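A.B. asks: One file is attached below, data28.txt, containing compact mmCIF, C-alpha atoms and all ligand atoms.
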```txt
# COMPACT_ATOMS: atom_id res chain seq x y z
CA MET A 1 -1.65 -12.97 1.18
CA LYS A 2 2.04 -13.02 1.86
CA GLU A 3 4.25 -13.84 -1.07
CA ASN A 4 7.38 -15.95 -0.90
CA VAL A 5 9.68 -16.37 -3.83
CA PHE A 6 12.33 -19.07 -3.98
CA ILE A 7 15.03 -19.28 -6.57
CA VAL A 8 16.63 -22.70 -6.60
CA HIS A 9 19.60 -23.04 -8.89
CA ARG A 10 23.11 -24.39 -8.65
CA SER A 11 24.57 -21.33 -10.33
CA GLU A 12 25.07 -18.38 -8.06
CA ILE A 13 25.27 -16.05 -11.05
CA ILE A 14 21.80 -17.07 -12.12
CA ARG A 15 20.33 -16.93 -8.61
CA LYS A 16 21.67 -13.48 -7.96
CA GLY A 17 20.89 -12.14 -11.43
CA LEU A 18 17.33 -13.38 -11.35
CA SER A 19 16.62 -12.00 -7.92
CA LEU A 20 18.12 -8.66 -8.91
CA ILE A 21 15.82 -8.46 -11.93
CA LEU A 22 12.80 -9.30 -9.81
CA GLN A 23 13.66 -6.99 -6.99
CA GLU A 24 14.11 -4.08 -9.33
CA TYR A 25 10.37 -4.11 -9.94
CA PHE A 26 8.70 -5.92 -7.09
CA LYS A 27 8.90 -5.64 -3.41
CA MET A 28 9.17 -9.30 -2.61
CA GLU A 29 10.99 -11.57 -0.28
CA ILE A 30 13.34 -13.76 -2.29
CA THR A 31 15.12 -16.77 -0.88
CA GLN A 32 18.00 -18.13 -2.91
CA LEU A 33 18.86 -21.79 -2.55
CA ASN A 34 21.65 -23.82 -4.03
CA SER A 35 19.71 -27.06 -3.95
CA ALA A 36 16.07 -28.11 -3.75
CA LYS A 37 17.03 -30.25 -0.78
CA ASP A 38 17.02 -27.13 1.35
CA LEU A 39 13.35 -26.52 0.55
CA SER A 40 12.54 -29.03 3.31
CA SER A 41 13.61 -26.56 5.95
CA PHE A 42 10.84 -24.18 4.87
CA ALA A 43 8.01 -26.64 5.49
CA GLY A 44 6.74 -24.43 8.31
CA ILE A 45 5.55 -21.66 5.96
CA SER A 46 1.78 -21.43 5.67
CA GLY A 47 -0.86 -19.16 4.19
CA SER A 48 1.46 -17.79 1.52
CA ILE A 49 1.61 -17.56 -2.20
CA MET A 50 4.83 -19.38 -2.97
CA ILE A 51 6.51 -18.91 -6.27
CA LEU A 52 9.27 -21.46 -6.76
CA ILE A 53 11.63 -20.86 -9.63
CA LEU A 54 13.49 -24.15 -10.01
CA GLU A 55 16.36 -25.24 -12.15
CA ALA A 56 14.48 -27.63 -14.41
CA GLN A 57 17.28 -30.08 -15.02
CA ALA A 58 18.15 -30.52 -11.37
CA ASP A 59 16.60 -32.66 -8.67
CA LEU A 60 13.28 -31.11 -7.65
CA ASN A 61 12.56 -32.45 -4.17
CA LEU A 62 8.89 -33.04 -4.94
CA ARG A 63 8.27 -34.25 -1.42
CA ALA A 64 9.11 -30.90 0.07
CA ILE A 65 6.99 -29.18 -2.58
CA ASP A 66 3.99 -31.38 -1.79
CA GLN A 67 4.46 -30.52 1.85
CA LEU A 68 4.36 -26.81 1.01
CA ARG A 69 1.26 -27.25 -1.12
CA LYS A 70 -0.73 -28.34 1.94
CA ASN A 71 -0.68 -24.92 3.54
CA ASN A 72 0.17 -22.59 0.67
CA GLU A 73 -0.70 -21.69 -2.85
CA VAL A 74 2.32 -23.01 -4.70
CA CYS A 75 3.30 -22.09 -8.20
CA LEU A 76 6.18 -23.87 -9.93
CA VAL A 77 8.27 -22.20 -12.57
CA GLY A 78 10.77 -24.33 -14.46
CA PHE A 79 13.99 -22.56 -15.31
CA TYR A 80 15.62 -23.98 -18.41
CA ALA A 81 19.09 -23.54 -19.78
CA GLU A 82 17.97 -23.73 -23.39
CA ASN A 83 15.32 -21.99 -25.38
CA SER A 84 13.15 -24.92 -26.40
CA ASP A 85 9.40 -25.13 -26.46
CA ASP A 86 9.15 -28.87 -26.96
CA GLN A 87 10.48 -30.00 -23.62
CA VAL A 88 7.24 -29.28 -21.83
CA ASP A 89 7.40 -30.68 -18.35
CA GLN A 90 4.01 -31.21 -16.76
CA THR A 91 5.46 -30.63 -13.33
CA PHE A 92 5.76 -26.92 -13.94
CA ASP A 93 3.00 -24.36 -14.13
CA TYR A 94 5.20 -21.94 -16.05
CA GLN A 95 8.51 -21.96 -17.83
CA LEU A 96 11.42 -19.60 -18.10
CA ASN A 97 14.71 -19.94 -19.85
CA GLN A 98 17.98 -18.26 -19.20
CA PHE A 99 17.68 -16.03 -22.25
CA ALA A 100 14.40 -14.49 -21.13
CA SER A 101 14.49 -10.71 -20.99
CA PRO A 102 13.90 -8.90 -17.69
CA ILE A 103 10.55 -7.74 -19.03
CA GLN A 104 9.46 -11.30 -19.76
CA ILE A 105 10.48 -12.39 -16.30
CA GLN A 106 8.63 -9.54 -14.65
CA LYS A 107 5.55 -10.16 -16.81
CA LEU A 108 5.52 -13.75 -15.70
CA ILE A 109 5.33 -12.71 -12.06
CA GLN A 110 2.39 -10.47 -12.88
CA VAL A 111 0.62 -13.30 -14.68
CA ILE A 112 1.18 -15.56 -11.67
CA ARG A 113 -0.13 -12.94 -9.30
CA GLN A 114 -3.27 -12.39 -11.34
CA SER A 115 -4.08 -16.06 -11.73
CA GLY A 116 -3.52 -16.46 -8.00
CA ASN A 117 -6.17 -13.85 -7.33
CA LYS A 118 -8.62 -15.50 -9.66
CA ASN A 119 -8.30 -18.96 -8.20
CA LYS A 120 -8.94 -17.81 -4.67
CA ASN A 121 -12.71 -18.22 -4.74
CA PRO A 122 -13.54 -20.50 -7.62
CA MET A 123 -16.97 -21.38 -6.20
CA GLN A 124 -18.22 -17.95 -5.33
CA ASP A 125 -16.52 -15.80 -7.86
CA ASN A 126 -19.57 -14.01 -9.22
CA GLY A 127 -19.14 -11.67 -6.26
CA GLU A 128 -22.73 -12.15 -5.13
CA LEU A 129 -23.15 -12.29 -1.40
CA THR A 130 -24.86 -15.31 0.08
CA SER A 131 -27.95 -14.62 2.19
CA ARG A 132 -25.93 -15.55 5.30
CA GLU A 133 -23.29 -13.02 4.38
CA LYS A 134 -25.96 -10.38 3.92
CA GLU A 135 -27.24 -11.08 7.40
CA VAL A 136 -23.73 -10.79 8.78
CA ILE A 137 -23.19 -7.43 7.06
CA LYS A 138 -26.42 -6.16 8.49
CA LEU A 139 -25.37 -7.05 12.02
CA ILE A 140 -21.92 -5.59 11.52
CA ALA A 141 -23.52 -2.36 10.37
CA LEU A 142 -25.73 -2.33 13.42
CA GLY A 143 -22.56 -2.29 15.46
CA LEU A 144 -22.53 -5.83 16.82
CA ALA A 145 -19.29 -7.48 17.80
CA ASN A 146 -18.26 -10.88 16.43
CA LYS A 147 -19.38 -12.65 19.59
CA GLU A 148 -22.82 -11.04 19.48
CA ILE A 149 -23.21 -11.88 15.80
CA ALA A 150 -22.27 -15.49 16.54
CA ASP A 151 -24.87 -15.73 19.31
CA LYS A 152 -27.58 -14.14 17.23
CA LEU A 153 -27.07 -16.39 14.21
CA PHE A 154 -26.25 -19.52 16.25
CA ILE A 155 -22.89 -19.94 14.60
CA SER A 156 -19.36 -20.01 16.00
CA ILE A 157 -17.17 -16.94 16.21
CA HIS A 158 -14.83 -18.71 13.87
CA THR A 159 -17.58 -18.89 11.24
CA VAL A 160 -18.39 -15.21 11.72
CA ILE A 161 -14.79 -14.33 11.12
CA SER A 162 -14.67 -16.42 7.99
CA HIS A 163 -17.89 -14.77 6.72
CA ARG A 164 -16.33 -11.38 7.31
CA LYS A 165 -13.24 -12.40 5.42
CA ASN A 166 -15.30 -13.55 2.44
CA ILE A 167 -17.41 -10.41 2.49
CA THR A 168 -14.33 -8.21 2.42
CA GLU A 169 -12.85 -10.21 -0.42
CA LYS A 170 -16.00 -10.04 -2.49
CA LEU A 171 -16.82 -6.38 -1.93
CA GLY A 172 -13.35 -4.91 -1.50
CA ILE A 173 -14.58 -3.17 1.64
CA LYS A 174 -12.90 -3.63 4.99
CA SER A 175 -13.99 -1.00 7.47
CA ILE A 176 -17.16 -1.25 9.50
CA SER A 177 -18.30 2.13 8.27
CA GLY A 178 -17.63 1.16 4.66
CA LEU A 179 -19.72 -1.97 5.11
CA THR A 180 -22.47 0.11 6.68
CA VAL A 181 -22.58 2.38 3.65
CA TYR A 182 -22.71 -0.68 1.43
CA ALA A 183 -25.58 -2.14 3.45
CA ILE A 184 -27.61 1.04 3.20
CA MET A 185 -26.88 1.54 -0.49
CA ASN A 186 -28.10 -1.99 -1.16
CA ASN A 187 -31.16 -1.76 1.09
CA LEU A 188 -29.94 -4.42 3.46
CA LEU A 189 -30.56 -1.87 6.13
CA ASP A 190 -32.58 1.25 6.50
CA ILE A 191 -30.75 4.44 7.29
CA GLN A 192 -33.17 4.89 10.20
CA ASP A 193 -31.77 1.76 11.83
CA ILE A 194 -28.47 3.36 12.53
CA ASN A 195 -27.14 6.55 13.89
CA PRO A 196 -25.07 7.81 10.98
CA GLU A 197 -23.19 10.20 13.19
CA GLU A 198 -21.93 7.39 15.32
CA LEU A 199 -21.40 4.54 13.00
CA ILE A 200 -20.16 5.84 9.71
CA MET B 201 12.14 3.09 -11.85
CA GLU B 202 15.73 4.15 -11.57
CA LEU B 203 16.62 6.25 -8.56
CA PHE B 204 17.52 9.92 -8.94
CA ARG B 205 21.08 11.00 -8.29
CA ARG B 206 22.57 14.36 -7.37
CA GLU B 207 24.06 14.92 -10.83
CA ASP B 208 20.76 14.35 -12.65
CA LYS B 209 19.09 17.37 -14.21
CA MET B 210 16.36 18.85 -12.05
CA SER B 211 14.17 19.04 -15.15
CA SER B 212 14.48 15.27 -15.70
CA LEU B 213 12.96 14.78 -12.28
CA ILE B 214 9.68 16.26 -13.44
CA THR B 215 9.68 14.76 -16.91
CA ARG B 216 10.27 11.33 -15.42
CA ASN B 217 7.75 11.63 -12.61
CA TYR B 218 5.38 14.55 -12.72
CA ASN B 219 3.84 13.48 -9.42
CA LEU B 220 6.88 15.10 -7.86
CA LEU B 221 5.64 18.59 -8.78
CA PRO B 222 3.98 19.33 -5.42
CA VAL B 223 6.85 17.57 -3.67
CA ILE B 224 9.49 19.95 -4.99
CA ASN B 225 7.18 22.88 -4.29
CA ARG B 226 7.14 21.87 -0.65
CA PHE B 227 10.90 22.44 -0.66
CA GLY B 228 10.38 25.88 -2.13
CA ILE B 229 11.65 24.74 -5.53
CA ARG B 230 9.79 26.13 -8.52
CA LEU B 231 9.94 25.44 -12.26
CA GLY B 232 12.36 27.05 -14.70
CA PHE B 233 15.45 25.03 -13.81
CA LYS B 234 17.36 25.54 -17.09
CA GLU B 235 20.20 22.98 -17.19
CA LYS B 236 20.82 22.89 -13.47
CA THR B 237 21.42 19.60 -11.70
CA ILE B 238 19.55 18.48 -8.60
CA ALA B 239 22.59 19.24 -6.45
CA GLU B 240 22.93 22.75 -7.90
CA VAL B 241 19.31 23.67 -7.33
CA CYS B 242 19.42 22.32 -3.79
CA GLN B 243 22.54 24.27 -3.02
CA GLU B 244 20.97 27.46 -4.34
CA LYS B 245 17.92 26.95 -2.16
CA ASN B 246 19.91 25.86 0.86
CA ILE B 247 18.40 22.40 0.88
CA ASP B 248 20.25 19.32 2.08
CA THR B 249 20.70 17.41 -1.19
CA ASP B 250 20.83 13.97 0.42
CA PHE B 251 17.62 14.70 2.22
CA PHE B 252 15.96 15.92 -0.94
CA LEU B 253 17.04 12.77 -2.81
CA ALA B 254 15.84 10.49 -0.04
CA ILE B 255 12.42 12.10 -0.24
CA VAL B 256 11.98 12.16 -4.01
CA ASN B 257 13.25 8.60 -4.32
CA THR B 258 10.82 7.39 -1.71
CA TYR B 259 8.07 8.92 -3.83
CA THR B 260 9.46 7.34 -6.96
CA ASP B 261 10.27 3.78 -5.98
CA GLU B 262 7.97 1.92 -3.65
CA SER B 263 10.58 -0.47 -2.39
CA TYR B 264 13.20 2.20 -1.84
CA PHE B 265 14.43 2.24 1.70
CA PRO B 266 17.08 4.83 2.53
CA GLU B 267 20.35 3.42 3.73
CA ALA B 268 21.75 4.25 7.12
CA GLU B 269 23.78 7.18 5.81
CA PHE B 270 20.66 8.78 4.39
CA LEU B 271 19.16 8.59 7.83
CA SER B 272 21.84 10.90 9.11
CA PHE B 273 19.94 14.12 8.44
CA SER B 274 18.25 15.90 11.27
CA PRO B 275 14.69 14.99 12.30
CA VAL B 276 13.98 18.71 12.43
CA LEU B 277 14.41 18.84 8.68
CA LEU B 278 12.16 15.87 8.18
CA ILE B 279 9.44 17.15 10.46
CA ASP B 280 9.54 20.49 8.76
CA TYR B 281 8.94 18.81 5.44
CA LEU B 282 6.14 16.61 6.79
CA LYS B 283 4.41 19.60 8.36
CA ASN B 284 4.60 21.40 5.05
CA THR B 285 2.95 18.43 3.43
CA HIS B 286 0.16 18.48 6.01
CA ARG B 287 -0.50 22.11 5.24
CA TYR B 288 -0.64 21.30 1.55
CA TYR B 289 -3.23 18.61 2.24
CA ILE B 290 -5.31 20.70 4.58
CA ASN B 291 -5.25 23.97 2.67
CA TYR B 292 -5.21 22.76 -0.90
CA VAL B 293 -5.90 19.10 -1.61
CA LEU B 294 -8.80 18.38 0.71
CA PRO B 295 -10.75 21.53 -0.19
CA LYS B 296 -10.19 20.77 -3.87
CA ILE B 297 -11.42 17.20 -3.52
CA GLU B 298 -14.43 18.40 -1.62
CA GLN B 299 -15.23 20.93 -4.30
CA LEU B 300 -15.08 18.19 -6.93
CA LEU B 301 -17.30 15.95 -4.84
CA ASN B 302 -19.83 18.76 -4.52
CA LYS B 303 -19.91 19.03 -8.28
CA VAL B 304 -20.66 15.32 -8.50
CA MET B 305 -23.47 15.75 -5.99
CA GLU B 306 -24.91 18.65 -7.94
CA SER B 307 -24.84 16.62 -11.14
CA CYS B 308 -27.09 13.92 -9.68
CA PRO B 309 -30.59 14.29 -11.20
CA ASP B 310 -32.68 12.31 -8.70
CA ASN B 311 -32.58 9.38 -6.26
CA CYS B 312 -29.34 10.63 -4.87
CA SER B 313 -29.50 8.86 -1.54
CA SER B 314 -26.62 6.50 -2.35
CA LEU B 315 -24.45 9.39 -3.43
CA LYS B 316 -25.34 11.14 -0.20
CA MET B 317 -24.11 8.13 1.71
CA ILE B 318 -20.84 8.35 -0.19
CA ASN B 319 -20.64 11.98 0.77
CA THR B 320 -21.23 11.17 4.43
CA PHE B 321 -18.59 8.49 4.27
CA TYR B 322 -16.15 10.93 2.69
CA GLN B 323 -16.83 13.46 5.44
CA LYS B 324 -16.11 10.84 8.06
CA TYR B 325 -12.94 9.84 6.29
CA LYS B 326 -11.87 13.44 6.11
CA SER B 327 -12.45 14.13 9.78
CA GLU B 328 -10.54 10.99 10.70
CA LEU B 329 -7.65 12.04 8.51
CA LEU B 330 -7.64 15.57 9.91
CA LEU B 331 -7.59 14.14 13.39
CA HIS B 332 -4.59 12.06 12.46
CA LEU B 333 -2.74 15.03 10.98
CA LYS B 334 -3.55 17.00 14.08
CA LEU B 335 -2.24 14.27 16.35
CA GLU B 336 1.02 14.30 14.44
CA ASP B 337 1.31 18.07 14.34
CA GLU B 338 0.39 18.63 17.96
CA LYS B 339 1.62 15.54 19.77
CA VAL B 340 3.93 13.30 17.77
CA PHE B 341 6.18 15.89 16.13
CA PRO B 342 6.64 17.98 19.27
CA TYR B 343 7.36 14.77 21.18
CA ILE B 344 10.11 13.87 18.72
CA LEU B 345 11.60 17.34 18.63
CA ASN B 346 11.63 17.39 22.38
CA LEU B 347 13.23 13.97 22.50
CA TYR B 348 16.11 15.12 20.33
CA GLU B 349 16.52 18.37 22.14
CA ASN B 350 16.54 17.03 25.69
CA LYS B 351 17.79 13.53 24.98
CA THR B 352 15.62 12.02 27.72
CA LEU B 353 12.66 9.69 27.47
CA SER B 354 9.32 11.10 28.49
CA PRO B 355 7.78 9.44 31.56
CA GLU B 356 4.46 9.24 29.73
CA GLY B 357 5.90 6.81 27.22
CA SER B 358 6.23 7.04 23.49
CA PHE B 359 3.72 8.21 20.91
CA ILE B 360 5.48 6.50 18.14
CA GLU B 361 3.87 3.14 17.74
CA VAL B 362 0.35 4.55 17.46
CA ILE B 363 0.97 6.21 14.14
CA GLU B 364 1.67 3.14 12.08
CA ASN B 365 -1.63 1.69 13.19
CA GLU B 366 -3.49 4.86 12.38
CA HIS B 367 -1.96 4.93 8.94
CA THR B 368 -3.44 1.54 8.19
CA ASN B 369 -6.89 2.62 9.36
CA VAL B 370 -6.87 5.76 7.28
CA GLU B 371 -5.64 3.87 4.23
CA VAL B 372 -8.35 1.24 4.60
CA LYS B 373 -11.07 3.93 4.72
CA LEU B 374 -9.82 5.57 1.57
CA SER B 375 -9.62 2.32 -0.33
CA ASP B 376 -13.15 1.46 0.90
CA LEU B 377 -14.37 4.79 -0.41
CA GLU B 378 -12.85 4.12 -3.80
CA ASN B 379 -14.27 0.63 -4.00
CA LEU B 380 -17.71 1.81 -2.98
CA ILE B 381 -17.67 4.26 -5.87
CA ILE B 382 -15.97 2.12 -8.48
CA ARG B 383 -17.73 -1.15 -7.74
CA HIS B 384 -20.95 -0.55 -5.88
CA LEU B 385 -22.46 2.84 -6.59
CA SER B 386 -24.93 2.97 -9.45
CA PRO B 387 -23.78 5.72 -11.82
CA ASN B 388 -26.36 8.35 -11.14
CA TYR B 389 -24.16 11.37 -11.84
CA GLU B 390 -22.42 13.22 -14.61
CA ASP B 391 -19.40 11.19 -15.76
CA ASN B 392 -16.89 13.99 -16.19
CA ALA B 393 -17.62 15.34 -12.74
CA MET B 394 -17.09 11.89 -11.23
CA ASN B 395 -13.93 11.25 -13.22
CA GLU B 396 -12.40 14.46 -12.03
CA PHE B 397 -13.27 13.71 -8.44
CA LEU B 398 -12.01 10.14 -8.61
CA THR B 399 -8.78 11.12 -10.35
CA ALA B 400 -8.05 13.67 -7.66
CA LEU B 401 -8.85 11.12 -4.98
CA LEU B 402 -6.61 8.44 -6.45
CA GLN B 403 -3.77 10.87 -6.87
CA PHE B 404 -4.19 11.99 -3.30
CA GLU B 405 -4.08 8.38 -2.21
CA ASN B 406 -0.67 7.94 -3.86
CA ASP B 407 0.69 11.08 -2.30
CA LEU B 408 -0.67 10.17 1.10
CA ASN B 409 0.70 6.62 0.98
CA ASP B 410 4.13 7.97 0.17
CA HIS B 411 3.83 10.48 2.95
CA ALA B 412 2.93 7.74 5.42
CA ARG B 413 5.81 5.65 4.14
CA ILE B 414 8.23 8.47 4.81
CA GLU B 415 6.85 8.72 8.32
CA ASP B 416 6.96 4.97 8.91
CA HIS B 417 10.20 4.14 7.16
CA ILE B 418 12.36 7.15 7.80
CA LEU B 419 11.06 9.11 10.74
CA ILE B 420 9.71 6.39 12.97
CA THR B 421 12.60 4.02 12.29
CA LYS B 422 14.95 6.79 13.29
CA VAL B 423 13.07 7.71 16.43
CA ILE B 424 12.65 4.13 17.64
CA GLU B 425 16.38 3.61 17.31
CA PHE B 426 17.05 6.81 19.16
CA GLU B 427 14.67 5.81 21.94
CA LYS B 428 16.47 2.48 22.27
CA GLU B 429 19.78 4.27 22.61
CA LEU B 430 18.37 6.49 25.30
CA LYS B 431 17.07 3.51 27.23
CA LYS B 432 20.57 2.05 27.51
FE FE C 501 1.65 12.94 8.44
FE FE C 502 0.77 10.18 9.27
```
Reformat the file's structure so that it appears as C-alpha cells.

C.D. replies:
Amino acid sequence: MKENVFIVHRSEIIRKGLSLILQEYFKMEITQLNSAKDLSSFAGISGSIMILILEAQADLNLRAIDQLRKNNEVCLVGFYAENSDDQVDQTFDYQLNQFASPIQIQKLIQVIRQSGNKNKNPMQDNGELTSREKEVIKLIALGLANKEIADKLFISIHTVISHRKNITEKLGIKSISGLTVYAIMNNLLDIQDINPEELI
Amino acid sequence: MELFRREDKMSSLITRNYNLLPVINRFGIRLGFKEKTIAEVCQEKNIDTDFFLAIVNTYTDESYFPEAEFLSFSPVLLIDYLKNTHRYYINYVLPKIEQLLNKVMESCPDNCSSLKMINTFYQKYKSELLLHLKLEDEKVFPYILNLYENKTLSPEGSFIEVIENEHTNVEVKLSDLENLIIRHLSPNYEDNAMNEFLTALLQFENDLNDHARIEDHILITKVIEFEKELKK
C-alpha cells in the first residue's frame, strides 16, 4: 500500500527538521503543511496508509481527517512541545515530543508500519486459505484467466480479483508459477494435471 | 547510511558495507588499499571517481538518487559496468547458487517431491533471468550505444520501457521462491545446506535489486531524456 506522510506544524524549523530525520532513513513521500486546514485539499487520496504528524496544541481539522479515514488507513501522531506523559490525548494513536531523538522518531514509524500490516486482515489472519480460495488457486494453476475462473465458479470477475489479492497476501506468493508450485506442494493439484514445462 | 565521499578511505568503504566487495571488484579494484582515499584509488585505476561514487552509493542507500551532475558520465561507462555485473552473475553467482541448491536436494532423505518442485521453480526463475540479461546484453545495451553514437532515433522504436516491467517480473519470482521456502516448504532437508543456499539467494536478491535500480534510475532515466531531446 502506498504511504503518505503529513507533517502539520506552524514552525517551519520543526517541519523541515522532522522530515529530514525521516527521509534520512525511509523512502517516503512527505507533505509539509503549515496548518491542518490545508488537509482538506488532500481529501482525494485513497487506498493509502496515511501517517499524520500533527502539532498537538493546534487546531486539528478533524473533519478533514474523518474524510481521509473513509478511504485510507489513517494513523495520527500528536507532536507535543513538552515532554509530558500525563497529557494523553485520546485523539492520537501515538505521541511524539520535540525532544525525541531521531532514533525514537524512526522507531515510531517502524512500529506504525508493523501495526498497519497486522490490522490488514483481522478476520482471516491465521493465514489459512478458505475453501473458495483453494479452488481459485487450483484454477489459476491450471492456467485459467480471471474471466474463465469467474464463469466456472459462478462469481464475478471482481470477486475473483479480490480472492487473488487475499491469496497473495496470505501466502506471500504473487506469480502464477509460484502459486502453481504452492498448489502442488499442498496437494490442491496433482502434478499430472499440469504441464510443468509450460506453466511453471 | 551516510553517503561515501571522494575523500573517504577506500578501506572504510568495505568496513562500512562489505556487500560492496564484488562491486569494487567489478571496477578492477582489489583489496590492500593502505591509507588511500577513494579518489586516489580511482585515479590509479583510471576510473571516473564520480561514477564510482554514484554506483557505490546507490548500493548503499536505497533512496539515493544521483543528482543531475552525476548523470553526466558517459553511458558507455555505465553499460560497461552493467555488462561486467551480468558476467559476474552468469559465471559466478548463479552457478554457486545452483551448487548450493543441489546440496540441499542431496540432503533430502525421502519424500522429496516438494523440494523437487522448488528446484523446478528455481530453474524456471533462472532461465527467465538469463533471458532478461541476454535481452539487455544483446538488444538494449547495443540500442543505447547506437543511439548515443548516431544521435538518431531508431525507426523500430525504443526498447527502453520494457526493461522496467521485466525487472518487476523477475523480482516477483525471486520473492515467491523465497516465500515458498521460508513459509511453505516442510523442512525435509539438512539445515546447514538450506541456510547456505538461502543466504546466498537473499544476498543475490539484494545485489540484483541494486543492479536493477541502477538500470532504472540512472541508465533508463538518462536514455529517456536523451530520446526526448532527439525527438525535438
Ligand atoms: Fe541488467
Ligand atoms: Fe535488468

A.B. asks: Pick from B:Ser313, B:Asn284, B:Asn388, B:Thr249: nearest to chain A, with all atoms listed in the file counted?

C.D. replies: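 Using all atoms listed in the file, chain A sits closest to B:Ser313.
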
A.B. asks: Return as a PyMOL selection string the residues of protein, DNA or RNA that approach ligand FE 501 (chain C) to within 12 Å, with only C-alpha atoms and all ligand atoms taken into account.

C.D. replies: chain B and resi 278-290+329-341+363-364+366-367+370+407-416+419-420

A.B. asks: As an exercise, work out the distance from CA of Met210 (chain B) to CA of Ile238 (chain B) in Å and give it to one decimal place.

C.D. replies: 4.7 Å

A.B. asks: Could you give me, as a tab-separated table, every chain A residue with an atom at most 12 Å from chain B, plus its closest atom pair and distance in Å to one decimal, counting all atoms listed in the file, rows ordered by chain then number?

C.D. replies:
```
residue	atom	partner	partner_atom	distance
A:Leu22	CA	B:Ser263	CA	11.7
A:Gln23	CA	B:Ser263	CA	8.6
A:Glu24	CA	B:Met201	CA	7.9
A:Tyr25	CA	B:Met201	CA	7.7
A:Phe26	CA	B:Ser263	CA	7.4
A:Lys27	CA	B:Ser263	CA	5.5
A:Met28	CA	B:Ser263	CA	8.9
A:Glu29	CA	B:Ser263	CA	11.3
A:Gly127	CA	B:Arg383	CA	10.7
A:Glu128	CA	B:His384	CA	11.8
A:Thr168	CA	B:Asp376	CA	9.9
A:Glu169	CA	B:Asn379	CA	11.5
A:Lys170	CA	B:Arg383	CA	10.5
A:Leu171	CA	B:Asn379	CA	7.7
A:Gly172	CA	B:Asn379	CA	6.1
A:Ile173	CA	B:Asp376	CA	4.9
A:Lys174	CA	B:Asp376	CA	6.5
A:Ser175	CA	B:Lys373	CA	6.4
A:Ile176	CA	B:Lys373	CA	9.3
A:Ser177	CA	B:Phe321	CA	7.5
A:Gly178	CA	B:Asp376	CA	5.9
A:Leu179	CA	B:Asp376	CA	8.5
A:Thr180	CA	B:Phe321	CA	9.5
A:Val181	CA	B:Met317	CA	6.3
A:Tyr182	CA	B:Leu380	CA	7.1
A:Ala183	CA	B:Ser314	CA	10.5
A:Ile184	CA	B:Ser314	CA	7.8
A:Met185	CA	B:Ser314	CA	5.3
A:Asn186	CA	B:His384	CA	8.7
A:Asn187	CA	B:Ser314	CA	10.0
A:Asp190	CA	B:Ser313	CA	11.5
A:Ile191	CA	B:Met317	CA	9.4
A:Pro196	CA	B:Thr320	CA	8.3
A:Glu197	CA	B:Lys324	CA	8.8
A:Glu198	CA	B:Lys324	CA	9.9
A:Leu199	CA	B:Lys324	CA	9.6
A:Ile200	CA	B:Phe321	CA	6.3
```

A.B. asks: Please identify all polymer residues lying at most 12 Å from the point (19.0, 19.2, 1.0) (file coordinates), using all atoms listed in the file, and present the result as a ChimeraX atom specification.

C.D. replies: /B:206,224,227-229,238-256,270,272-274,277-278,281

A.B. asks: Between A:Glu82, A:Glu135, A:Glu73, A:Asp66, which is the closest to Lys152 (chain A) once you count all atoms listed in the file?

C.D. replies: A:Glu135

A.B. asks: I want to know what sits within 12 Å of region 105-115 of chain A, based on all atoms listed in the file, with residues of the same chain fewer than 4 positions away left out; could you give that as number ranges by chain?

C.D. replies: A: 1-5, 17-28, 48-53, 73-79, 93-101, 119-122

A.B. asks: At what distance in Å, to one decimal, does CA of Ile194 (chain A) lie from CA of Lys303 (chain B)?

C.D. replies: 27.4 Å

A.B. asks: How many Å lie between CA of Gln299 (chain B) and CA of Thr399 (chain B), rounded to one decimal?

C.D. replies: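 About the pair CA of Gln299 (chain B) and CA of Thr399 (chain B): they are 13.2 Å apart.
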
A.B. asks: Around all the atoms of region 53-63 of chain A listed in the file, draw an axis-aligned box and extend it by 6 Å on each of the six sides; I want its centre and edge lengths in Å to one decimal, as JSON.

C.D. replies:
```
{"center_x": 13.2, "center_y": -27.6, "center_z": -8.2, "size_x": 21.9, "size_y": 25.4, "size_z": 25.6}
```
